[in-house]
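Encoded as structure tokens, the structure appears first; notes follow it.
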Amino acid sequence: MSLDMRPAPETAGSRSTSPTARSTWRASRGIVVFGLIIVAAAVFTVLIRPDGRESRRLDPADSSLAGSMALAELLRDRGVTVDRVDSAQAAYDKSLDAGDRLLLITDTLFVDERRLADIQGDRIIVGGYSDLDVLAPGLRVQPGQSSRERSRDPGCDLPAAKAAGSVHIGGLVMNGPQGAVGCYPAGEGSSLVSYTEASRTITVVGSSGFMTNQRLAEDGNAALALDLLGSAKAVTWLVAPDEPPVGTLPGEDGESLYGLMPESIPWAVWMSVITVLLVAFWRGRRLGPVVVERLPVVVRAAETVEGRGRLYRSRRARERAADSLRAGTVDRLTPRLGLGSGAGRQELVAAVAVRTGQDAQQVGAALYGPPPADDAALVALAGYLDVIERNVSEH
Amino acid sequence: MVLTGRAGLVAAIGVVVVLLAPQPGAALAGVCLLLLAAIILDLVFAGAVRPLRLHRSGDRLVRLGGQATVELVVENPGRRRVRGVLRDAWPPSAGASPRSQKLDVPAGERRRLVVTLTPTRRGDRASVAVTVRSLGPLGLAGRQGSHSSPWGVRVLPPFLSRKHLPSRLARLRELDGQHPALVRGQGTEFDSLREYVVGDDVRSIDWRATARRHDVVVRTWRPERDRRVLIVLDTGRTSAGRVGDAPIPLAGAAASGGGLLVRPDARPVPGWPRLDWSMDAALLLAALAARAGDQVDFLAYDRAVRAWVAGASRTELLASLVNSMAPIEAELIEADSQGMVAAVLSRAKRRCLVVLLTDLNPAALDEGLMPVLPQLSSRHLVLVAGVSDPRVAAMAARKGTAEEVYDAAAAEQAQLGRRRITARLRRHGVEVVDAPPEDIAPALADAYLALKAAGRL
């Protein structure tokens, strides 16, 4: 009974299926050309853009909507010197110059606010509100309150505000210390507070929108801004620095994190990146193709029967379950008792009763009685049917 | 191009060098250039993969459960030694081992590698590709390429029921005149005359022949021969259901692992498809019938003819049967009984025994076979063999709790339907064999022997 194992013929040989340089180029040239087009388009777009810099809010050198170049130019036209600075040190150096000088603070995020507070002269604050307790001592800001920026009437006696009339303003809701002037009322306070503290005038404005190029021409915005800033001969205009000085430690030396690091660390990081790339390439290269296979379905033949059982169970279909059990028992008993397939109920019950010696009524109730009332009765019925069958086959 | 772990290691050492070097920038450039130079050197001096020539030999056929060995001869016509690893990629169920192996072929020489296949299921398995990774002298980088070196192995049905063959052949000999115990009666045909020896049945003395000669002559009898048996295998959806326990454990394990629809919490799906059990039974019947001198044909059908073996000689029969059975899988479509009957009728001109291996599924048979059965049974003797599910029988027997009783009722319902369809088939004059998977092959063989003894073929 051996299956004939035919001798295998020697095959003709093999054929390389790896792509050659030519086939790789042929397959990928479309993608390469597409990629080149995209790169060229990107380069072209960057080149034709007039100014690559992003807009810088309230910067006197920025002509975008958020900048304040228009205001700065207007001030210069009026003979006010505008000095743009981006650090507390620079602002302090400027303050040493003689003359009537005003400090405009638009941002204090990267600035040492205590140093700033030491600078002499009047002070206008339109930003860096988180440091108000240092820069504007005595001022109370309504916590959690903020008014919408809209056109508001001055409602105060401050000359600049009175002259300007309604101004696009809002933001912080503030209350000044004793003797302060609050303008542009909003909520339970004002959007502009001006007061004198230690022989200098501190003016805090709740929002800075009125000074931007976008809003300067509206309402009395320009008038307010010019009146506030134009009162001095020179303005030290503090803006956020171009490059945030990341990691600069606020110490005596002002040493940065990079400065403290050994010189070789960045180079080692680059070498680590190269190492990771090499290891990734090593692990990522598969030895040959992934082989896929069409597998046959895996389904148990009994699943339909199990499903029907679960259906009975979930519906508590005792009647159907009992019917099935009884039909099965009757089907097996009939030939064993020597009855034909046409035998009636009474005949079968009588034959079972005679053979097993059990009560005919009980047997009849088990085989043809009403459906069981609960699960326990169903289990009992199944057990009793088994007993009948066993008795019939034994006797 | 490939890199090895060694390249990664060298780069990692480079990180330390850069960290400690007095001039880290220069050190970085130095390490990178050195590594690059080494990799390029390795790539240049690695043996070329493309010109390699592969030759195969080995087994083409293997029984499920057996092992096949396939040899791969790697010939290196290039000028450099090819050193590295080789992977012969086979489908997962081919059970190829080892997955990859070391390779070292000097220039102009050839080396032989052996891959052992332990298939986990029936059918044709083919090698997809042979991939060679050839490393350079420093072992930092290398070249890699694939070759197509076609080789297929056909995994045959295991014919596990052949262990039942000797006992059934003995029974066949009992029917035959070769055995001292002569069986005479319907279903036997006159064989020859021979001299009377003590012990012969006196009733078999041929008085007419005795009168012509001086010796007492007896007639000998033998079972009828040269009958036709047509085995029809239903490969429709009902044959896909798995029953019993897989006799080859690996095959069952692979099947359970491969099924995506199997929930991970469900216990591993046991068993073999009904189709495989039916094939096993068909092989035993074919072997027996061929020994008994009958002509065996084989048809596999669902909605089209999947396999057809006809007119095979006694010696070639089993080989051609397993060969044609090997690639057959159950199709997930309803079998077309009408087409099947037509196919049988067009192929079997003379009266024959049609053994239909299918599932005794009442719903499927009611709609499919029952209406067309008279066409078949009027011209041929029909035997329907179905593999029953032992799991259903076990469910019917468990009645401990309410849940089990509901399951038992469902199982009882299924069994009742099966018994009813069996009774209806018998009323049509059809023989029915309904047995659990392990018993279907001997049961079918016994049914065949009974028919033969009764002379009904």
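All residue names refer to the structure tokens as shown: chains lettered A, B, ... in order, residues numbered from 1 in each chain, ligands numbered from 1 in order.
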
Next item on the list: Once DSSP has gone over the backbone, tell me which residues of stretch 121-228 of chain A are in strand (DSSP E), as number ranges by chain.
Entry: A: 122-125, 140-152, 167-175, 181-186, 189-197, 200-205

Resulting file, chosen residues, N, CA and C atoms, as a tab-separated table (two decimals), in the first residue's frame:
```tsv
chain	number	residue	atom	x	y	z
A	122	ASP	N	8.25	107.40	34.01
A	122	ASP	CA	6.85	106.96	33.86
A	122	ASP	C	6.79	105.62	33.15
A	123	ARG	N	5.62	104.98	33.33
A	123	ARG	CA	5.55	103.60	32.87
A	123	ARG	C	4.15	103.36	32.31
A	124	ILE	N	4.06	102.81	31.15
A	124	ILE	CA	2.76	102.42	30.58
A	124	ILE	C	2.78	100.92	30.34
A	125	ILE	N	1.78	100.25	30.84
A	125	ILE	CA	1.77	98.79	30.74
A	125	ILE	C	0.59	98.37	29.87
A	140	ARG	N	-5.38	96.89	41.90
A	140	ARG	CA	-6.16	95.67	42.16
A	140	ARG	C	-6.86	95.24	40.87
A	141	VAL	N	-6.64	94.03	40.49
A	141	VAL	CA	-7.29	93.49	39.30
A	141	VAL	C	-8.42	92.59	39.77
A	142	GLN	N	-9.61	92.79	39.21
A	142	GLN	CA	-10.74	91.93	39.57
A	142	GLN	C	-10.43	90.51	39.10
A	143	PRO	N	-10.27	89.59	40.04
A	143	PRO	CA	-9.86	88.24	39.62
A	143	PRO	C	-10.97	87.55	38.83
A	144	GLY	N	-10.57	86.88	37.79
A	144	GLY	CA	-11.53	86.08	37.00
A	144	GLY	C	-12.42	86.92	36.12
A	145	GLN	N	-12.28	88.25	36.17
A	145	GLN	CA	-13.16	89.08	35.34
A	145	GLN	C	-12.41	89.57	34.11
A	146	SER	N	-13.15	89.61	33.01
A	146	SER	CA	-12.55	90.13	31.79
A	146	SER	C	-13.67	90.73	30.96
A	147	SER	N	-13.45	91.94	30.49
A	147	SER	CA	-14.51	92.58	29.70
A	147	SER	C	-14.15	92.48	28.22
A	148	ARG	N	-15.21	92.43	27.41
A	148	ARG	CA	-15.01	92.29	25.97
A	148	ARG	C	-14.38	93.57	25.41
A	149	GLU	N	-13.52	93.37	24.43
A	149	GLU	CA	-12.92	94.55	23.78
A	149	GLU	C	-13.96	95.17	22.85
A	150	ARG	N	-14.32	96.37	23.11
A	150	ARG	CA	-15.29	97.07	22.24
A	150	ARG	C	-15.08	98.58	22.40
A	151	SER	N	-15.85	99.28	21.68
A	151	SER	CA	-15.73	100.74	21.74
A	151	SER	C	-16.37	101.24	23.04
A	152	ARG	N	-15.57	101.92	23.87
A	152	ARG	CA	-16.08	102.40	25.17
A	152	ARG	C	-15.83	103.91	25.28
A	167	VAL	N	-12.88	104.72	22.64
A	167	VAL	CA	-11.71	103.95	22.23
A	167	VAL	C	-12.06	102.46	22.27
A	168	HIS	N	-11.46	101.70	21.36
A	168	HIS	CA	-11.66	100.24	21.32
A	168	HIS	C	-10.84	99.63	22.45
A	169	ILE	N	-11.49	99.23	23.52
A	169	ILE	CA	-10.73	98.84	24.70
A	169	ILE	C	-11.55	97.83	25.50
A	170	GLY	N	-10.91	97.16	26.43
A	170	GLY	CA	-11.60	96.16	27.24
A	170	GLY	C	-10.57	95.41	28.06
A	171	GLY	N	-10.71	94.10	28.14
A	171	GLY	CA	-9.69	93.29	28.81
A	171	GLY	C	-9.83	93.34	30.31
A	172	LEU	N	-8.70	93.58	30.99
A	172	LEU	CA	-8.67	93.53	32.45
A	172	LEU	C	-9.64	94.54	33.05
A	173	VAL	N	-10.22	94.14	34.19
A	173	VAL	CA	-11.05	95.07	34.96
A	173	VAL	C	-10.26	95.42	36.21
A	174	MET	N	-9.91	96.73	36.35
A	174	MET	CA	-8.96	97.11	37.40
A	174	MET	C	-9.53	98.21	38.28
A	175	ASN	N	-9.01	98.28	39.48
A	175	ASN	CA	-9.30	99.38	40.38
A	175	ASN	C	-7.96	99.91	40.92
A	181	VAL	N	-6.92	107.48	38.69
A	181	VAL	CA	-7.98	107.83	37.73
A	181	VAL	C	-8.32	106.58	36.95
A	182	GLY	N	-9.57	106.23	36.96
A	182	GLY	CA	-9.99	105.05	36.19
A	182	GLY	C	-10.84	105.48	35.02
A	183	CYS	N	-10.49	105.03	33.83
A	183	CYS	CA	-11.23	105.41	32.63
A	183	CYS	C	-11.81	104.17	31.96
A	184	TYR	N	-12.74	104.46	31.04
A	184	TYR	CA	-13.37	103.40	30.26
A	184	TYR	C	-13.94	102.33	31.21
A	185	PRO	N	-14.96	102.70	31.94
A	185	PRO	CA	-15.50	101.76	32.92
A	185	PRO	C	-15.98	100.46	32.28
A	186	ALA	N	-15.67	99.37	32.99
A	186	ALA	CA	-16.11	98.06	32.52
A	186	ALA	C	-16.37	97.23	33.78
A	189	GLY	N	-15.04	98.00	37.51
A	189	GLY	CA	-13.79	98.75	37.53
A	189	GLY	C	-13.61	99.49	36.23
A	190	SER	N	-12.34	99.64	35.85
A	190	SER	CA	-12.05	100.38	34.63
A	190	SER	C	-11.07	99.59	33.78
A	191	SER	N	-11.06	99.95	32.48
A	191	SER	CA	-10.13	99.30	31.57
A	191	SER	C	-8.81	100.06	31.51
A	192	LEU	N	-8.80	101.25	31.99
A	192	LEU	CA	-7.55	102.02	31.99
A	192	LEU	C	-7.44	102.67	33.35
A	193	VAL	N	-6.31	102.48	34.01
A	193	VAL	CA	-6.10	103.09	35.32
A	193	VAL	C	-4.78	103.83	35.29
A	194	SER	N	-4.81	105.03	35.76
A	194	SER	CA	-3.57	105.82	35.79
A	194	SER	C	-3.43	106.40	37.20
A	195	TYR	N	-2.24	106.25	37.79
A	195	TYR	CA	-2.05	106.80	39.13
A	195	TYR	C	-0.58	107.14	39.33
A	196	THR	N	-0.33	107.86	40.36
A	196	THR	CA	1.02	108.29	40.65
A	196	THR	C	1.53	107.51	41.84
A	197	GLU	N	2.68	106.96	41.68
A	197	GLU	CA	3.25	106.17	42.77
A	197	GLU	C	4.73	106.48	42.80
A	200	ARG	N	6.20	108.80	40.12
A	200	ARG	CA	6.14	108.43	38.69
A	200	ARG	C	4.69	108.09	38.37
A	201	THR	N	4.33	108.25	37.12
A	201	THR	CA	2.97	107.94	36.71
A	201	THR	C	2.95	106.54	36.10
A	202	ILE	N	2.08	105.74	36.65
A	202	ILE	CA	1.94	104.39	36.10
A	202	ILE	C	0.58	104.30	35.45
A	203	THR	N	0.55	103.94	34.19
A	203	THR	CA	-0.71	103.78	33.47
A	203	THR	C	-0.83	102.33	33.01
A	204	VAL	N	-1.92	101.71	33.40
A	204	VAL	CA	-2.14	100.32	32.99
A	204	VAL	C	-3.38	100.28	32.11
A	205	VAL	N	-3.24	99.69	30.92
A	205	VAL	CA	-4.37	99.57	30.00
A	205	VAL	C	-4.76	98.09	29.92
```

Check: Which residue out of A:Ala66, A:Leu216, A:Ala327, A:Val82 has the minimum interatomic distance to B:Ala411 when only C-alpha atoms are used?
Finding: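 Looking at the shortest contact to B:Ala411, the residue is A:Ala327.
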
Next item on the list: Give me every alpha helix (DSSP H) residue in stretch 136-371 of chain A, going by DSSP on the backbone, as number ranges by chain.
Entry: A: 159-164, 221-229, 257-260, 264-284, 303-315, 318-336, 345-356, 360-368

Can you check which parts of stretch 64-88 of chain B lie within 10 Å of stretch 146-163 of chain B? Per residue, the shortest pair of atoms and distance in Å to one decimal, counting only C-alpha atoms, sorted by chain and number, as CSV.
```
residue,atom,partner,partner_atom,distance
B:Leu64,CA,B:Pro158,CA,5.0
B:Gly65,CA,B:Pro158,CA,6.8
B:Gly66,CA,B:Pro158,CA,8.4
B:Gln67,CA,B:Val155,CA,9.8
B:Ala68,CA,B:Val153,CA,8.2
B:Thr69,CA,B:Val153,CA,9.7
B:Val70,CA,B:Trp151,CA,8.7
B:Leu72,CA,B:Ser149,CA,9.2
B:Leu86,CA,B:Ser146,CA,9.5
B:Arg87,CA,B:Ser146,CA,9.2
B:Asp88,CA,B:Ser149,CA,9.2
```

Next item on the list: Enumerate as number ranges by chain the residues belonging to chain B that approach chain A to within 7 Å, with only C-alpha atoms taken into account.
Entry: B: 2-5, 8, 11-12, 15, 18-19, 24-25, 28, 50, 53-61, 87, 89-91, 131, 145-149, 241-243, 255, 259, 269, 319, 389, 391-392, 399, 401-403, 405-407, 409-414, 416

With C-alpha atoms retained, write the just-selected residues as an mmCIF file, in the first residue's frame.
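So the final result, stored in selection.cif, reads:
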```cif
data_model
loop_
_atom_site.group_PDB
_atom_site.id
_atom_site.type_symbol
_atom_site.label_atom_id
_atom_site.label_comp_id
_atom_site.auth_asym_id
_atom_site.auth_seq_id
_atom_site.Cartn_x
_atom_site.Cartn_y
_atom_site.Cartn_z
ATOM 1 C CA VAL B 2 21.885 45.083 4.665
ATOM 2 C CA LEU B 3 23.579 46.127 7.876
ATOM 3 C CA THR B 4 24.339 43.863 10.786
ATOM 4 C CA GLY B 5 24.134 44.349 14.503
ATOM 5 C CA GLY B 8 25.101 49.250 15.230
ATOM 6 C CA ALA B 11 28.250 53.147 16.084
ATOM 7 C CA ALA B 12 27.380 52.751 19.778
ATOM 8 C CA VAL B 15 29.027 57.493 20.848
ATOM 9 C CA VAL B 18 32.696 61.154 20.739
ATOM 10 C CA LEU B 19 31.784 61.744 24.389
ATOM 11 C CA PRO B 24 34.101 65.863 19.679
ATOM 12 C CA GLY B 25 33.234 67.378 16.309
ATOM 13 C CA LEU B 28 32.156 62.438 15.168
ATOM 14 C CA ARG B 50 22.674 37.808 -8.124
ATOM 15 C CA ARG B 53 22.555 29.428 -9.110
ATOM 16 C CA LEU B 54 20.215 27.269 -7.071
ATOM 17 C CA HIS B 55 19.279 23.688 -7.830
ATOM 18 C CA ARG B 56 16.642 21.740 -6.044
ATOM 19 C CA SER B 57 15.882 18.107 -5.511
ATOM 20 C CA GLY B 58 14.040 16.060 -2.968
ATOM 21 C CA ASP B 59 10.529 14.941 -2.146
ATOM 22 C CA ARG B 60 7.593 15.982 -4.256
ATOM 23 C CA LEU B 61 4.979 14.101 -2.275
ATOM 24 C CA ARG B 87 16.265 31.536 3.930
ATOM 25 C CA ALA B 89 10.602 30.899 2.281
ATOM 26 C CA TRP B 90 7.732 28.424 2.474
ATOM 27 C CA PRO B 91 4.142 29.098 3.534
ATOM 28 C CA THR B 131 16.752 34.842 -0.038
ATOM 29 C CA GLY B 145 18.911 39.234 -2.894
ATOM 30 C CA SER B 146 16.103 36.840 -3.610
ATOM 31 C CA HIS B 147 15.918 34.090 -6.149
ATOM 32 C CA SER B 148 12.910 32.317 -7.468
ATOM 33 C CA SER B 149 13.675 28.628 -7.290
ATOM 34 C CA GLY B 241 -17.519 21.688 9.360
ATOM 35 C CA ARG B 242 -14.942 20.255 11.719
ATOM 36 C CA VAL B 243 -15.772 17.168 13.712
ATOM 37 C CA ALA B 255 -5.867 25.101 12.100
ATOM 38 C CA GLY B 259 -8.404 30.928 12.086
ATOM 39 C CA VAL B 269 -11.075 24.331 17.608
ATOM 40 C CA ALA B 319 -1.774 6.806 -5.845
ATOM 41 C CA ASP B 389 -20.573 14.690 15.080
ATOM 42 C CA ARG B 391 -19.869 16.487 20.017
ATOM 43 C CA VAL B 392 -23.603 16.535 19.281
ATOM 44 C CA LYS B 399 -28.456 16.625 31.168
ATOM 45 C CA THR B 401 -28.234 21.382 34.668
ATOM 46 C CA ALA B 402 -30.948 23.393 32.963
ATOM 47 C CA GLU B 403 -28.383 24.868 30.539
ATOM 48 C CA VAL B 405 -30.765 20.211 29.126
ATOM 49 C CA TYR B 406 -31.428 23.035 26.667
ATOM 50 C CA ASP B 407 -28.285 22.021 24.772
ATOM 51 C CA ALA B 409 -32.723 19.292 23.520
ATOM 52 C CA ALA B 410 -31.045 21.073 20.617
ATOM 53 C CA ALA B 411 -28.777 18.078 20.055
ATOM 54 C CA GLU B 412 -31.750 15.725 20.271
ATOM 55 C CA GLN B 413 -33.507 17.825 17.655
ATOM 56 C CA ALA B 414 -30.491 17.527 15.351
ATOM 57 C CA LEU B 416 -33.916 13.309 15.297
#
```

Item checked: Interatomic distance, atom CA of B:Ala38 to atom CA of B:Gln144 (Å, one decimal) ->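 That distance, rounded to one decimal, is 17.5 Å.
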
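Closest approach to A:Trp237 among A:Arg29, A:Arg49, A:Arg215, A:Lys94 is made by A:Lys94 (distances from only C-alpha atoms).
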
Leaving out A:Leu229 and any residue of its chain fewer than 4 positions from it, which residues lie within 8 Å of it when counting only C-alpha atoms, given as a PDB file with N, CA and C atoms, in the first residue's frame?
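In the end it all went to result.pdb:
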```
ATOM      1  N   LEU A  75       4.710 108.503  16.155  1.00  0.00           N
ATOM      2  CA  LEU A  75       5.454 109.094  17.266  1.00  0.00           C
ATOM      3  C   LEU A  75       6.732 109.758  16.770  1.00  0.00           C
ATOM      4  N   LEU A 102       9.955 107.509  28.787  1.00  0.00           N
ATOM      5  CA  LEU A 102       8.787 106.735  29.208  1.00  0.00           C
ATOM      6  C   LEU A 102       9.019 105.274  28.847  1.00  0.00           C
ATOM      7  N   ALA A 225      -3.454 106.633  22.046  1.00  0.00           N
ATOM      8  CA  ALA A 225      -2.107 106.074  22.042  1.00  0.00           C
ATOM      9  C   ALA A 225      -1.069 107.191  21.950  1.00  0.00           C
ATOM     10  N   VAL A 235      10.610 107.196  24.073  1.00  0.00           N
ATOM     11  CA  VAL A 235       9.880 106.014  24.564  1.00  0.00           C
ATOM     12  C   VAL A 235      10.805 104.811  24.487  1.00  0.00           C
TER      13      VAL A 235
END
```

Notebook entry, point to check: Taking only C-alpha atoms into account, which of B:Leu275, B:Ala363, B:Ala304, B:Ala450 comes nearest B:Glu329?
Noted result: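 Of B:Leu275, B:Ala363, B:Ala304, B:Ala450, the one nearest B:Glu329 is B:Leu275, counting only C-alpha atoms.
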
Item checked: Distance in Å - atom CA of A:Thr356 versus atom CA of A:Ile388 ->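 So the answer is 7.4 Å.
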
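Considering only C-alpha atoms, the residue among B:Arg213, B:Met1, B:Glu174, B:Ala246 positioned nearest to B:Leu140 is B:Met1.
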
Next item on the list: Go through B:Arg6, B:Arg81, B:Arg125, B:His164 one by one, measure the shortest atom-to-atom distance of each to B:Ala281 using only C-alpha atoms, and give the residue with the smallest value.
Entry: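 Using only C-alpha atoms, the shortest distance to B:Ala281 belongs to B:His164.
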